[in-house]
Structures are given as structure tokens and as C-alpha cells.
>>> print(open('start36.cif').read())   # mmCIF, C-alpha atoms and all ligand atoms
data_input
loop_
_atom_site.label_atom_id
_atom_site.label_comp_id
_atom_site.auth_asym_id
_atom_site.auth_seq_id
_atom_site.Cartn_x
_atom_site.Cartn_y
_atom_site.Cartn_z
CA MET P 789 15.94 6.45 20.54
CA THR P 790 17.32 9.96 21.03
CA PRO P 791 19.80 11.51 18.57
CA PHE P 792 22.47 11.23 21.29
CA TRP P 793 22.13 7.43 21.50
CA HIS P 794 22.03 7.18 17.71
CA ALA P 795 25.30 9.14 17.49
CA LEU P 796 26.90 7.02 20.20
CA ILE P 797 25.89 3.75 18.53
CA ASP P 798 27.10 5.03 15.14
CA PHE P 799 30.44 5.94 16.74
CA PHE P 800 31.07 2.44 18.08
CA PHE P 801 29.28 0.55 15.29
CA PRO P 802 29.61 2.72 12.17
CA PRO P 803 26.85 1.92 9.65
CA LYS P 804 28.01 -0.48 6.97
CA CYS P 805 26.73 -1.44 3.55
CA LEU P 806 24.74 -4.65 3.84
CA PHE P 807 26.28 -6.07 0.68
CA CYS P 808 30.00 -5.21 0.79
CA GLY P 809 30.53 -4.11 4.39
CA SER P 810 32.09 -0.75 3.46
CA SER P 811 31.43 2.22 5.73
CA LEU P 812 28.36 4.26 4.82
CA GLY P 813 29.51 7.57 6.28
CA GLU P 814 26.48 9.83 6.41
CA LEU P 815 24.08 7.40 4.71
CA PRO P 816 21.50 5.62 6.90
CA ASP P 817 22.53 2.06 7.73
CA ASP P 818 19.50 0.53 6.04
CA HIS P 819 20.86 1.23 2.60
CA PRO P 820 23.34 -0.39 0.27
CA CYS P 821 26.36 1.82 -0.57
CA PRO P 822 26.20 3.72 -3.89
CA LEU P 823 28.63 1.30 -5.57
CA CYS P 824 26.56 -1.77 -4.63
CA THR P 825 23.36 0.00 -5.62
CA GLU P 826 24.86 0.21 -9.13
CA ARG P 827 25.99 -3.42 -9.10
CA ILE P 828 22.80 -5.11 -7.83
CA LYS P 829 21.04 -6.79 -10.72
CA VAL P 830 17.32 -6.17 -11.00
CA PHE P 831 14.96 -7.82 -13.45
CA PRO P 832 14.40 -5.58 -16.45
CA HIS P 833 11.42 -6.06 -18.76
CA PRO P 834 10.44 -8.28 -20.49
CA ARG P 835 9.22 -10.34 -17.54
CA CYS P 836 6.59 -13.01 -17.07
CA PRO P 837 3.49 -11.08 -15.92
CA CYS P 838 2.50 -14.00 -13.68
CA CYS P 839 5.62 -15.24 -11.89
CA GLY P 840 7.92 -12.26 -12.55
CA LEU P 841 10.68 -14.27 -14.22
CA GLY P 842 13.03 -12.02 -16.20
CA PHE P 843 13.94 -13.01 -19.76
CA GLY P 844 17.37 -11.42 -19.81
CA ASP P 845 18.41 -8.31 -21.69
CA THR P 846 16.64 -9.08 -24.98
CA PRO P 847 14.13 -6.30 -25.55
CA GLY P 848 10.49 -7.22 -26.14
CA GLU P 849 7.01 -7.32 -24.67
CA ASP P 850 6.24 -9.06 -21.37
CA HIS P 851 4.96 -12.59 -21.98
CA LEU P 852 4.10 -15.70 -19.94
CA CYS P 853 6.97 -18.10 -19.24
CA SER P 854 6.61 -21.74 -20.27
CA GLN P 855 5.66 -22.84 -16.75
CA CYS P 856 2.91 -20.24 -16.30
CA LEU P 857 1.61 -21.03 -19.78
CA THR P 858 1.15 -24.71 -19.03
CA GLU P 859 0.26 -24.78 -15.32
CA GLU P 860 -2.53 -23.07 -13.46
CA ARG P 861 -1.29 -21.00 -10.54
CA TYR P 862 -3.22 -20.30 -7.35
CA PHE P 863 -1.29 -17.08 -6.68
CA THR P 864 -2.15 -13.98 -8.68
CA ARG P 865 1.40 -12.78 -9.26
CA ALA P 866 4.90 -13.20 -7.88
CA ARG P 867 7.58 -10.55 -8.00
CA ALA P 868 11.30 -10.66 -7.24
CA ILE P 869 13.61 -7.66 -7.30
CA GLY P 870 16.33 -9.51 -9.18
CA PRO P 871 18.12 -12.81 -9.75
CA TYR P 872 19.62 -14.81 -6.89
CA GLU P 873 23.25 -14.23 -7.82
CA GLY P 874 26.28 -12.09 -7.04
CA LEU P 875 25.97 -9.60 -4.18
CA MET P 876 22.33 -10.44 -3.54
CA ALA P 877 22.92 -14.19 -3.24
CA ASP P 878 25.86 -13.55 -0.94
CA ALA P 879 23.84 -11.27 1.37
CA ILE P 880 20.87 -13.66 1.52
CA HIS P 881 23.17 -16.60 2.20
CA ARG P 882 24.84 -14.78 5.11
CA PHE P 883 21.43 -13.72 6.40
CA LYS P 884 19.93 -17.20 6.32
CA TYR P 885 22.68 -19.73 6.80
CA GLN P 886 25.33 -17.87 8.76
CA GLY P 887 22.91 -16.54 11.33
CA ALA P 888 23.34 -12.91 10.30
CA SER P 889 19.83 -11.93 11.40
CA ARG P 890 21.06 -8.32 11.71
CA LEU P 891 20.81 -8.30 7.89
CA ALA P 892 17.03 -8.65 8.21
CA LYS P 893 16.41 -4.94 8.57
CA PRO P 894 18.56 -3.73 5.66
CA LEU P 895 17.33 -6.52 3.37
CA GLY P 896 13.73 -5.99 4.46
CA THR P 897 14.04 -2.26 3.96
CA PHE P 898 15.57 -2.86 0.53
CA LEU P 899 12.47 -4.85 -0.43
CA ALA P 900 9.99 -2.51 1.27
CA GLU P 901 11.44 0.57 -0.41
CA TYR P 902 11.92 -0.98 -3.83
CA LYS P 903 10.34 1.40 -6.32
CA ASP P 904 8.60 -0.48 -9.10
CA PRO P 905 4.96 -0.21 -10.18
CA GLU P 906 4.79 -4.01 -10.00
CA PHE P 907 5.34 -3.88 -6.23
CA PRO P 908 2.10 -2.03 -5.36
CA PHE P 909 2.52 -2.30 -1.57
CA SER P 910 -0.24 0.17 -0.71
CA ASP P 911 -2.91 -1.88 -2.55
CA PHE P 912 -2.79 -4.69 0.00
CA ASP P 913 -4.73 -5.40 3.21
CA LEU P 914 -2.55 -8.00 4.84
CA ILE P 915 1.09 -9.11 4.89
CA LEU P 916 1.82 -12.77 5.60
CA SER P 917 5.07 -14.59 6.26
CA VAL P 918 5.87 -18.16 5.23
CA PRO P 919 5.73 -20.37 8.32
CA LEU P 920 8.73 -22.54 9.17
CA HIS P 921 8.27 -25.93 10.73
CA PRO P 922 9.25 -25.74 14.45
CA ARG P 923 12.15 -28.11 13.79
CA ARG P 924 13.60 -25.80 11.11
CA LEU P 925 12.95 -22.76 13.31
CA ARG P 926 14.95 -24.34 16.13
CA GLN P 927 17.86 -25.05 13.77
CA ARG P 928 17.99 -21.54 12.30
CA GLY P 929 16.91 -19.58 15.35
CA PHE P 930 14.71 -17.19 13.35
CA ASN P 931 12.22 -17.17 10.51
CA GLN P 932 13.79 -15.13 7.70
CA SER P 933 10.43 -14.61 6.02
CA LEU P 934 8.86 -13.18 9.18
CA LEU P 935 11.74 -10.74 9.76
CA LEU P 936 11.47 -9.41 6.20
CA ALA P 937 7.67 -9.31 6.37
CA ARG P 938 7.85 -7.24 9.55
CA CYS P 939 9.91 -4.62 7.73
CA VAL P 940 7.46 -4.39 4.83
CA SER P 941 4.52 -4.25 7.22
CA ARG P 942 6.04 -1.41 9.27
CA THR P 943 7.21 0.61 6.28
CA HIS P 944 3.78 0.54 4.61
CA SER P 945 1.58 0.33 7.74
CA ILE P 946 -0.09 -2.89 6.58
CA SER P 947 -1.12 -5.46 9.20
CA LEU P 948 1.20 -8.42 9.57
CA ASP P 949 -0.23 -11.85 10.28
CA PHE P 950 2.16 -14.66 11.13
CA THR P 951 -0.26 -17.03 12.87
CA THR P 952 -2.98 -17.62 10.28
CA LEU P 953 -0.81 -19.86 8.15
CA GLN P 954 0.71 -22.83 9.90
CA ARG P 955 3.11 -25.48 8.79
CA THR P 956 1.79 -28.88 9.72
CA ARG P 957 4.40 -31.04 8.13
CA HIS P 958 8.19 -30.93 8.03
CA THR P 959 9.39 -31.14 4.44
CA GLU P 960 12.84 -32.09 3.20
CA PRO P 961 14.88 -29.23 1.70
CA GLN P 962 13.67 -28.69 -1.85
CA THR P 963 16.97 -27.66 -3.43
CA GLN P 964 17.59 -31.00 -5.19
CA LEU P 965 14.02 -31.45 -6.42
CA SER P 966 12.53 -30.64 -9.82
CA GLY P 967 9.45 -28.43 -10.19
CA SER P 968 6.89 -31.24 -10.10
CA GLU P 969 8.73 -33.03 -7.27
CA ARG P 970 8.64 -29.81 -5.27
CA GLN P 971 4.90 -29.55 -5.83
CA LYS P 972 4.39 -33.08 -4.51
CA ASN P 973 6.79 -32.53 -1.60
CA ILE P 974 5.04 -29.38 -0.37
CA ARG P 975 1.41 -30.43 -0.98
CA GLY P 976 -0.62 -30.37 2.25
CA ALA P 977 2.26 -28.90 4.29
CA PHE P 978 0.24 -25.86 5.43
CA VAL P 979 -3.13 -25.06 6.94
CA CYS P 980 -4.93 -21.77 7.12
CA ASP P 981 -7.80 -21.58 9.57
CA ALA P 982 -8.79 -17.92 9.33
CA ASP P 983 -11.45 -16.16 7.32
CA LEU P 984 -9.67 -13.99 4.77
CA GLY P 985 -12.87 -13.21 2.88
CA GLY P 986 -12.31 -10.39 0.36
CA LEU P 987 -8.75 -9.62 1.49
CA ARG P 988 -5.80 -8.80 -0.74
CA VAL P 989 -2.79 -10.52 0.77
CA ALA P 990 0.94 -10.41 0.05
CA VAL P 991 3.28 -13.20 1.12
CA ILE P 992 6.87 -12.09 1.81
CA ASP P 993 9.93 -14.32 1.55
CA ASP P 994 13.62 -14.08 0.76
CA VAL P 995 13.89 -16.30 -2.33
CA LEU P 996 11.45 -17.73 -4.86
CA THR P 997 12.59 -20.78 -6.79
CA THR P 998 9.92 -22.64 -8.76
CA GLY P 999 7.03 -20.99 -6.94
CA ALA P 1000 5.77 -24.38 -5.63
CA THR P 1001 5.73 -23.24 -1.98
CA LEU P 1002 4.02 -19.95 -2.81
CA ASP P 1003 1.45 -21.80 -4.90
CA GLU P 1004 0.66 -24.25 -2.12
CA LEU P 1005 0.27 -21.34 0.33
CA ALA P 1006 -1.94 -19.55 -2.18
CA ARG P 1007 -4.14 -22.64 -2.54
CA ASN P 1008 -4.86 -22.43 1.21
CA LEU P 1009 -5.30 -18.66 1.15
CA ARG P 1010 -7.78 -18.87 -1.72
CA ARG P 1011 -9.77 -21.48 0.14
CA ALA P 1012 -9.83 -19.08 3.11
CA GLY P 1013 -11.38 -16.41 0.87
CA ALA P 1014 -8.44 -14.19 -0.16
CA VAL P 1015 -9.21 -12.50 -3.47
CA LEU P 1016 -5.74 -11.39 -4.50
CA ILE P 1017 -2.58 -13.26 -3.53
CA GLU P 1018 0.85 -11.99 -4.47
CA GLY P 1019 4.30 -13.17 -3.47
CA TRP P 1020 7.06 -10.58 -3.04
CA VAL P 1021 10.60 -11.78 -2.59
CA VAL P 1022 14.06 -10.28 -2.66
CA ALA P 1023 15.51 -12.66 -5.24
CA ARG P 1024 14.53 -15.31 -7.72
CA ALA P 1025 16.69 -18.43 -8.03
ZN ZN P 1101 28.40 -1.82 -0.74
ZN ZN P 1102 5.96 -17.29 -15.24
#
>>> encode(input="start36.cif", output="C-alpha cells")
Amino acid sequence: MTPFWHALIDFFFPPKCLFCGSSLGELPDDHPCPLCTERIKVFPHPRCPCCGLGFGDTPGEDHLCSQCLTEERYFTRARAIGPYEGLMADAIHRFKYQGASRLAKPLGTFLAEYKDPEFPFSDFDLILSVPLHPRRLRQRGFNQSLLLARCVSRTHSISLDFTTLQRTRHTEPQTQLSGSERQKNIRGAFVCDADLGGLRVAVIDDVLTTGATLDELARNLRRAGAVLIEGWVVARA
């Protein structure tokens, strides 16, 4: 797009902060406003080195959380920028459940540009999105994971693959289920029929809860030959 069209679009649709909706003035429209940038909670250390769970503000060394200590995980690591609460929860909720798919780019850019050594984007060969069952896709109209994954893929010039993983079974929403119930509910819900031999893959999604879905995906990806499997999400519930 030429600068003229950019200026015209900005005139009629002034860029707004994705979190609070305030005008961004001269800032690019992919960014949160300075006030929201201050208010967004990110996970400080200590964190669980496996699933990325933050342990609050108590200082100390990183250590495994109780779940990662007792259960074997198929994924190598999972990382979330911060907790699913406040501004972040509100933005993700609007994005996913109120059909605000225009929030995909700012949220995706927020994830793609997040500066933390534990989000080593450039070390990866392939970006994957979490497939939605066709029934869920029809209801929502878009796959939130794919829209975010596309942003990360473009920003870091890493190939995006959204066909290798497929959802073969519709699963009930997992919100009411406990960790082990989620595991049972999601088991066998995906297939992966590609050869990912030797590849380092990152799965992108909006929210990570217990990690059961990521783990089930990772089980399939490992069987397909992937050597490193990480999950990167915007927020952790
Ligand atoms: Zn704001
Ligand atoms: Zn953990």
C-alpha cells in the first residue's frame, strides 16, 4: 500500500490501542498504547522451565511446577507472555468470542515481537497452528490460532504449516474439566500425516490452560519426527 492510502485509511480509521481503544496518534496501529504497555502483566521469573508457569512475585530460582514434576510431557517447553487476566483476558475474549478478528494482527504482532530470551523465534524451522474442528470453525468463522501463527510466521520468516495437523474428532469445550479429564477428552483428537523428521516446530495459540491440548499435539508431532516442540501463547489461564 502506498503512503497516500495509509494516510487516508488512518484519517478515517485512526489507529487505536488494541487493549483500551484509545487513539495511538503517531504510533503504528499494531502496538498497545504506552499506558497499556505498562499495565500488561508479564510472567516474571521464577517460572517453570517446562510449562512456563509463573510463580508470582516471590523471588527465587526457576523450578519445575508440581504438574511437570509428576507428569511426563511430550512438548519440550511452553511459554506464555503473561497471565490470562485484566487487559489481556479482555482483548483475547473480544478477539475470540465477539468476532473481533481485526484484533488478530495486533495480538499476533504483540506475541511475535515479544522480547524474551525464552521466546527464541529464530531457532525454529516450522510454525504450526492448532487445528479447529470444522464444526467449531463454522461457529467462530475463523481459527484464532492460525491468525496469530500467520503473524509470527511473517514477522520471523518461518514457514507456516496449517494442514499437517488435522482435527479428527470434535471435543466438548474443556473449560469445566480438570487436568486429567482434559487429557482424556483430547486424546486421539488429532492426526499428523507428514514427515517432520529433524524439525524444530513451534505451535502458536492464544491461551494455554493445563497444556493437555499442546501435549496431545506434541505426541503426534514427536511421532512424525519433530525433535523440538514448543508452544508459544499469548496468555496462560
Ligand atoms: Zn491502551
Ligand atoms: Zn510446569
>>> residues_near_ligand(input="start36.cif", ligand="ligand ZN 1101 (chain P)", cutoff="9 Å", atoms="all atoms listed in the file", output="list in words")
Lys804, Cys805, Leu806, Phe807, Cys808, Gly809, Ser810, Ser811, Leu812, His819, Pro820, Cys821, Pro822, Leu823, Cys824, Thr825, Arg827 and Leu875 of chain P
>>> residues_near_ligand(input="start36.cif", ligand="ligand ZN 1102 (chain P)", cutoff="7 Å", atoms="all atoms listed in the file", output="list of chain:residue names")
P:Cys836, P:Pro837, P:Cys838, P:Cys839, P:Gly840, P:Leu841, P:Leu852, P:Cys853, P:Ser854, P:Gln855, P:Cys856
>>> closest_residue(input="start36.cif", among="P:His921, P:Glu906, P:Arg975, P:Ala892", to="P:Arg938", atoms="all atoms listed in the file")
P:Ala892
>>> closest_residue(input="start36.cif", among="P:Leu948, P:Leu953, P:Leu935, P:Leu965", to="P:Pro919", atoms="all atoms listed in the file")
P:Leu953
>>> residues_around(input="start36.cif", residues="stretch 859-866 of chain P", least_positions_apart="6", cutoff="6 Å", atoms="only C-alpha atoms", output="PyMOL selection string")
chain P and resi 838-840+1003+1006-1007+1017-1020
>>> atom_distance(input="start36.cif", atom1="atom CA of P:Gly929", atom2="atom CA of P:Phe883")
11.6 Å
>>> atom_distance(input="start36.cif", atom1="atom CA of P:His958", atom2="atom CA of P:Ala1023")
23.7 Å
>>> closest_residue(input="start36.cif", among="P:Arg955, P:Lys884, P:Arg942, P:Lys893", to="P:Gly976", atoms="all atoms listed in the file")
P:Arg955
>>> closest_residue(input="start36.cif", among="P:Thr959, P:Asn1008, P:Thr858, P:Ser945", to="P:Ala900", atoms="all atoms listed in the file")
P:Ser945
>>> closest_residue(input="start36.cif", among="P:Ala937, P:Tyr902, P:Glu849, P:Gln932", to="P:Gly887", atoms="all atoms listed in the file")
P:Gln932
>>> residues_around(input="start36.cif", residues="stretch 867-871 of chain P", least_positions_apart="5", cutoff="12 Å", atoms="only C-alpha atoms", output="PyMOL selection string")
chain P and resi 827-833+835-844+876-878+880+895-896+898-909+990-997+999+1002+1017-1025
>>> atom_distance(input="start36.cif", atom1="atom CA of P:Gly985", atom2="atom CA of P:Leu914")
11.7 Å
>>> closest_residue(input="start36.cif", among="P:Ile946, P:Ala888, P:Leu916, P:Leu857", to="P:Phe930", atoms="all atoms listed in the file")
P:Ala888
>>> residues_around(input="start36.cif", residues="stretch 986-989 of chain P", least_positions_apart="2", cutoff="6 Å", atoms="only C-alpha atoms", output="PyMOL selection string")
chain P and resi 912-915+984+1014-1017
>>> decode(input="start36.cif", residues="stretch 955-982 of chain P", atoms="N, CA, C and O atoms", output="PDB file, in the first residue's frame")
ATOM      1  N   ARG P 955      -7.642 -32.070  12.882  1.00  0.00           N
ATOM      2  CA  ARG P 955      -8.503 -32.464  13.991  1.00  0.00           C
ATOM      3  C   ARG P 955      -9.489 -33.475  13.453  1.00  0.00           C
ATOM      4  O   ARG P 955     -10.197 -33.198  12.492  1.00  0.00           O
ATOM      5  N   THR P 956      -9.501 -34.665  14.058  1.00  0.00           N
ATOM      6  CA  THR P 956     -10.361 -35.711  13.522  1.00  0.00           C
ATOM      7  C   THR P 956     -11.615 -35.876  14.353  1.00  0.00           C
ATOM      8  O   THR P 956     -12.543 -36.560  13.963  1.00  0.00           O
ATOM      9  N   ARG P 957     -11.608 -35.289  15.511  1.00  0.00           N
ATOM     10  CA  ARG P 957     -12.738 -35.512  16.409  1.00  0.00           C
ATOM     11  C   ARG P 957     -13.138 -34.190  17.040  1.00  0.00           C
ATOM     12  O   ARG P 957     -12.293 -33.404  17.438  1.00  0.00           O
ATOM     13  N   HIS P 958     -14.453 -33.950  17.109  1.00  0.00           N
ATOM     14  CA  HIS P 958     -14.942 -32.759  17.799  1.00  0.00           C
ATOM     15  C   HIS P 958     -14.903 -33.045  19.293  1.00  0.00           C
ATOM     16  O   HIS P 958     -15.334 -34.097  19.732  1.00  0.00           O
ATOM     17  N   THR P 959     -14.342 -32.127  20.080  1.00  0.00           N
ATOM     18  CA  THR P 959     -14.310 -32.361  21.524  1.00  0.00           C
ATOM     19  C   THR P 959     -15.151 -31.291  22.205  1.00  0.00           C
ATOM     20  O   THR P 959     -15.249 -30.169  21.726  1.00  0.00           O
ATOM     21  N   GLU P 960     -15.741 -31.660  23.319  1.00  0.00           N
ATOM     22  CA  GLU P 960     -16.532 -30.690  24.084  1.00  0.00           C
ATOM     23  C   GLU P 960     -15.591 -29.628  24.639  1.00  0.00           C
ATOM     24  O   GLU P 960     -14.420 -29.908  24.871  1.00  0.00           O
ATOM     25  N   PRO P 961     -16.102 -28.396  24.856  1.00  0.00           N
ATOM     26  CA  PRO P 961     -15.250 -27.368  25.452  1.00  0.00           C
ATOM     27  C   PRO P 961     -14.646 -27.879  26.750  1.00  0.00           C
ATOM     28  O   PRO P 961     -15.307 -28.585  27.516  1.00  0.00           O
ATOM     29  N   GLN P 962     -13.365 -27.515  26.979  1.00  0.00           N
ATOM     30  CA  GLN P 962     -12.651 -28.132  28.097  1.00  0.00           C
ATOM     31  C   GLN P 962     -12.711 -27.305  29.375  1.00  0.00           C
ATOM     32  O   GLN P 962     -12.137 -27.711  30.387  1.00  0.00           O
ATOM     33  N   THR P 963     -13.407 -26.158  29.313  1.00  0.00           N
ATOM     34  CA  THR P 963     -13.325 -25.211  30.431  1.00  0.00           C
ATOM     35  C   THR P 963     -13.727 -25.801  31.777  1.00  0.00           C
ATOM     36  O   THR P 963     -13.169 -25.431  32.799  1.00  0.00           O
ATOM     37  N   GLN P 964     -14.710 -26.731  31.775  1.00  0.00           N
ATOM     38  CA  GLN P 964     -15.190 -27.260  33.061  1.00  0.00           C
ATOM     39  C   GLN P 964     -14.391 -28.481  33.535  1.00  0.00           C
ATOM     40  O   GLN P 964     -14.648 -28.990  34.607  1.00  0.00           O
ATOM     41  N   LEU P 965     -13.450 -28.928  32.720  1.00  0.00           N
ATOM     42  CA  LEU P 965     -12.784 -30.197  33.035  1.00  0.00           C
ATOM     43  C   LEU P 965     -11.487 -29.999  33.817  1.00  0.00           C
ATOM     44  O   LEU P 965     -10.804 -29.002  33.655  1.00  0.00           O
ATOM     45  N   SER P 966     -11.171 -30.996  34.647  1.00  0.00           N
ATOM     46  CA  SER P 966      -9.900 -30.974  35.377  1.00  0.00           C
ATOM     47  C   SER P 966      -8.781 -31.389  34.434  1.00  0.00           C
ATOM     48  O   SER P 966      -9.031 -31.821  33.308  1.00  0.00           O
ATOM     49  N   GLY P 967      -7.540 -31.295  34.914  1.00  0.00           N
ATOM     50  CA  GLY P 967      -6.376 -31.623  34.091  1.00  0.00           C
ATOM     51  C   GLY P 967      -6.440 -33.013  33.482  1.00  0.00           C
ATOM     52  O   GLY P 967      -6.281 -33.194  32.282  1.00  0.00           O
ATOM     53  N   SER P 968      -6.734 -34.038  34.325  1.00  0.00           N
ATOM     54  CA  SER P 968      -6.717 -35.407  33.803  1.00  0.00           C
ATOM     55  C   SER P 968      -7.929 -35.650  32.898  1.00  0.00           C
ATOM     56  O   SER P 968      -7.847 -36.415  31.939  1.00  0.00           O
ATOM     57  N   GLU P 969      -9.055 -34.985  33.201  1.00  0.00           N
ATOM     58  CA  GLU P 969     -10.234 -35.123  32.330  1.00  0.00           C
ATOM     59  C   GLU P 969      -9.959 -34.511  30.962  1.00  0.00           C
ATOM     60  O   GLU P 969     -10.387 -35.019  29.934  1.00  0.00           O
ATOM     61  N   ARG P 970      -9.230 -33.405  30.964  1.00  0.00           N
ATOM     62  CA  ARG P 970      -8.871 -32.764  29.697  1.00  0.00           C
ATOM     63  C   ARG P 970      -8.018 -33.695  28.849  1.00  0.00           C
ATOM     64  O   ARG P 970      -8.198 -33.815  27.657  1.00  0.00           O
ATOM     65  N   GLN P 971      -7.068 -34.337  29.520  1.00  0.00           N
ATOM     66  CA  GLN P 971      -6.171 -35.264  28.825  1.00  0.00           C
ATOM     67  C   GLN P 971      -6.967 -36.368  28.130  1.00  0.00           C
ATOM     68  O   GLN P 971      -6.725 -36.687  26.964  1.00  0.00           O
ATOM     69  N   LYS P 972      -7.932 -36.921  28.866  1.00  0.00           N
ATOM     70  CA  LYS P 972      -8.765 -37.992  28.329  1.00  0.00           C
ATOM     71  C   LYS P 972      -9.627 -37.479  27.172  1.00  0.00           C
ATOM     72  O   LYS P 972      -9.779 -38.112  26.144  1.00  0.00           O
ATOM     73  N   ASN P 973     -10.186 -36.287  27.367  1.00  0.00           N
ATOM     74  CA  ASN P 973     -11.102 -35.675  26.402  1.00  0.00           C
ATOM     75  C   ASN P 973     -10.412 -35.411  25.053  1.00  0.00           C
ATOM     76  O   ASN P 973     -11.005 -35.561  23.995  1.00  0.00           O
ATOM     77  N   ILE P 974      -9.144 -35.062  25.112  1.00  0.00           N
ATOM     78  CA  ILE P 974      -8.437 -34.604  23.905  1.00  0.00           C
ATOM     79  C   ILE P 974      -7.649 -35.741  23.222  1.00  0.00           C
ATOM     80  O   ILE P 974      -7.262 -35.626  22.069  1.00  0.00           O
ATOM     81  N   ARG P 975      -7.473 -36.837  23.962  1.00  0.00           N
ATOM     82  CA  ARG P 975      -6.655 -37.948  23.443  1.00  0.00           C
ATOM     83  C   ARG P 975      -7.197 -38.458  22.100  1.00  0.00           C
ATOM     84  O   ARG P 975      -8.374 -38.767  21.986  1.00  0.00           O
ATOM     85  N   GLY P 976      -6.328 -38.539  21.102  1.00  0.00           N
ATOM     86  CA  GLY P 976      -6.730 -39.075  19.799  1.00  0.00           C
ATOM     87  C   GLY P 976      -7.535 -38.108  18.946  1.00  0.00           C
ATOM     88  O   GLY P 976      -8.139 -38.499  17.964  1.00  0.00           O
ATOM     89  N   ALA P 977      -7.566 -36.812  19.337  1.00  0.00           N
ATOM     90  CA  ALA P 977      -8.376 -35.841  18.597  1.00  0.00           C
ATOM     91  C   ALA P 977      -7.658 -35.293  17.367  1.00  0.00           C
ATOM     92  O   ALA P 977      -8.261 -34.588  16.565  1.00  0.00           O
ATOM     93  N   PHE P 978      -6.351 -35.587  17.234  1.00  0.00           N
ATOM     94  CA  PHE P 978      -5.582 -35.038  16.108  1.00  0.00           C
ATOM     95  C   PHE P 978      -4.862 -36.149  15.351  1.00  0.00           C
ATOM     96  O   PHE P 978      -4.551 -37.194  15.918  1.00  0.00           O
ATOM     97  N   VAL P 979      -4.563 -35.879  14.097  1.00  0.00           N
ATOM     98  CA  VAL P 979      -3.621 -36.736  13.365  1.00  0.00           C
ATOM     99  C   VAL P 979      -2.593 -35.838  12.694  1.00  0.00           C
ATOM    100  O   VAL P 979      -2.855 -34.668  12.426  1.00  0.00           O
ATOM    101  N   CYS P 980      -1.444 -36.402  12.459  1.00  0.00           N
ATOM    102  CA  CYS P 980      -0.384 -35.679  11.765  1.00  0.00           C
ATOM    103  C   CYS P 980       0.202 -36.653  10.765  1.00  0.00           C
ATOM    104  O   CYS P 980       0.769 -37.667  11.150  1.00  0.00           O
ATOM    105  N   ASP P 981       0.013 -36.377   9.460  1.00  0.00           N
ATOM    106  CA  ASP P 981       0.468 -37.375   8.496  1.00  0.00           C
ATOM    107  C   ASP P 981       1.630 -36.871   7.649  1.00  0.00           C
ATOM    108  O   ASP P 981       1.781 -37.240   6.500  1.00  0.00           O
ATOM    109  N   ALA P 982       2.467 -36.004   8.217  1.00  0.00           N
ATOM    110  CA  ALA P 982       3.626 -35.523   7.462  1.00  0.00           C
ATOM    111  C   ALA P 982       4.902 -36.076   8.087  1.00  0.00           C
ATOM    112  O   ALA P 982       4.883 -36.591   9.202  1.00  0.00           O
TER     113      ALA P 982
END
